[in-house]
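Okay, data39.txt now, which holds compact mmCIF, C-alpha atoms:
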# COMPACT_ATOMS: atom_id res chain seq x y z
CA MET W 818 -4.01 -9.95 -6.18
CA SER W 819 -4.39 -11.77 -2.87
CA ASN W 820 -3.69 -8.60 -0.89
CA ILE W 821 -6.38 -6.74 -2.82
CA ALA W 822 -8.90 -9.54 -2.28
CA GLU W 823 -8.13 -9.81 1.42
CA GLY W 824 -8.41 -6.07 1.95
CA PHE W 825 -11.70 -5.91 0.08
CA GLU W 826 -13.17 -8.77 2.08
CA ARG W 827 -12.35 -7.10 5.38
CA GLY W 828 -15.24 -4.77 4.65
CA THR W 829 -13.95 -1.33 5.65
CA PRO W 830 -12.41 1.30 3.38
CA LYS W 831 -9.58 1.87 5.87
CA GLU W 832 -8.52 -1.77 5.81
CA TYR W 833 -8.96 -1.94 2.05
CA LEU W 834 -6.62 1.05 1.67
CA SER W 835 -4.12 -0.63 3.95
CA PHE W 836 -4.08 -3.79 1.86
CA LEU W 837 -3.84 -1.77 -1.35
CA SER W 838 -0.70 -0.22 0.12
CA VAL W 839 0.65 -3.70 0.77
CA ALA W 840 -0.13 -4.62 -2.84
CA LYS W 841 1.72 -1.51 -4.04
CA ALA W 842 4.73 -2.49 -1.93
CA SER W 843 4.60 -5.94 -3.52
CA TYR W 844 4.97 -4.19 -6.88
CA ALA W 845 8.31 -2.79 -5.70
CA GLU W 846 9.32 -6.27 -4.61
CA VAL W 847 8.44 -7.71 -8.03
CA CYS W 848 10.48 -4.98 -9.73
CA SER W 849 13.43 -5.85 -7.53
CA HIS W 850 13.15 -9.51 -8.52
CA LEU W 851 12.97 -8.53 -12.20
CA TYR W 852 16.22 -6.56 -11.90
CA VAL W 853 17.90 -9.55 -10.25
CA ALA W 854 16.57 -11.86 -12.97
CA LEU W 855 17.99 -9.53 -15.61
CA ASP W 856 21.33 -9.17 -13.84
CA ILE W 857 21.88 -12.91 -13.51
CA GLY W 858 20.77 -13.59 -17.08
CA TYR W 859 17.55 -15.42 -16.25
CA ILE W 860 15.63 -13.04 -18.53
CA ASP W 861 16.82 -10.92 -21.44
CA GLN W 862 16.44 -7.17 -21.84
CA PRO W 863 13.34 -7.28 -24.10
CA THR W 864 11.54 -9.57 -21.65
CA PHE W 865 12.59 -7.36 -18.76
CA ALA W 866 11.28 -4.26 -20.54
CA VAL W 867 7.88 -5.85 -21.18
CA LEU W 868 7.54 -7.11 -17.61
CA ILE W 869 8.61 -3.81 -16.05
CA GLU W 870 6.14 -1.91 -18.25
CA ARG W 871 3.31 -4.26 -17.24
CA SER W 872 4.29 -3.96 -13.59
CA ASP W 873 4.35 -0.16 -13.86
CA GLU W 874 0.89 -0.20 -15.43
CA ILE W 875 -0.48 -2.28 -12.58
CA ALA W 876 1.15 0.07 -10.05
CA ARG W 877 -0.57 3.03 -11.74
CA MET W 878 -3.91 1.22 -11.52
CA LEU W 879 -3.31 0.49 -7.83
CA SER W 880 -2.50 4.14 -7.19
CA GLY W 881 -5.67 5.20 -8.97
CA LEU W 882 -7.75 2.75 -6.98
CA ARG W 883 -6.18 3.93 -3.72
CA THR W 884 -6.92 7.54 -4.64
CA ALA W 885 -10.54 6.74 -5.55
CA ILE W 886 -11.13 4.78 -2.33
CA GLY W 887 -9.52 7.55 -0.28
CA ARG W 888 -11.74 10.19 -1.86
CA ALA W 889 -14.84 8.10 -1.31
CA GLN W 890 -13.87 7.56 2.30
CA SER W 891 -13.32 11.26 3.01
CA GLY W 892 -16.25 12.49 0.94
For this file, produce the structure as structure tokens.
Amino acid sequence: MSNIAEGFERGTPKEYLSFLSVAKASYAEVCSHLYVALDIGYIDQPTFAVLIERSDEIARMLSGLRTAIGRAQSG
């Protein structure tokens, strides 16, 4: 969320897209942490499944936003 806010506040579509890419990379980092949490028994499989699904949904929204900003920038 902070990456998205910072990119938006910078005021240019190019910088916003850059920070959206950082936010998308943070999604991968969160997924990695979720797998570790599952592997070490910090969370159970049902919790993992819910959190991964929510993370995937947010990643899809980020991708859609990146696509929309990119189209607006080039159009």
- [ ] Grab the CA of Asn820 (chain W) to CA of Tyr844 (chain W) distance for me, in Å with one decimal place.
- [x]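 One can read the CA of Asn820 (chain W) to CA of Tyr844 (chain W) distance as 11.4 Å.
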- [ ] Could you check how far CA of Ser880 (chain W) sits from CA of Ala866 (chain W), in Å to one decimal?
- [x]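 Straight-line distance from CA of Ser880 (chain W) to CA of Ala866 (chain W) works out to 20.9 Å.
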Task: W:Leu837, W:Ile821, W:Ala842, W:Leu855 ranked by distance to Thr884 (chain W), top pick (using only C-alpha atoms) - done: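 With only C-alpha atoms as the atom set, the closest residue is W:Leu837.
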TODO: Work out how far CA of Glu846 (chain W) is from CA of Gln890 (chain W), in Å to one decimal.
DONE: 27.9 Å
- [ ] Measuring atom to atom with all atoms listed in the file, identify which of W:Tyr852, W:Asp861, W:Ser891, W:Leu882 is nearest to Ser838 (chain W).
- [x]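 Closest residue, counting all atoms listed in the file: W:Leu882.
For the choices W:Ala822, W:Ile860, W:Val867, W:Ala889, the atom-to-atom distance to Ala840 (chain W) is smallest for W:Ala822 when using all atoms listed in the file.
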Task: Ser872 (chain W) environment, 9 Å, all atoms listed in the file, sequence neighbours closer than 4 positions dropped, as a PyMOL selection string - done: chain W and resi 844-845+847-848+867-868+876-877
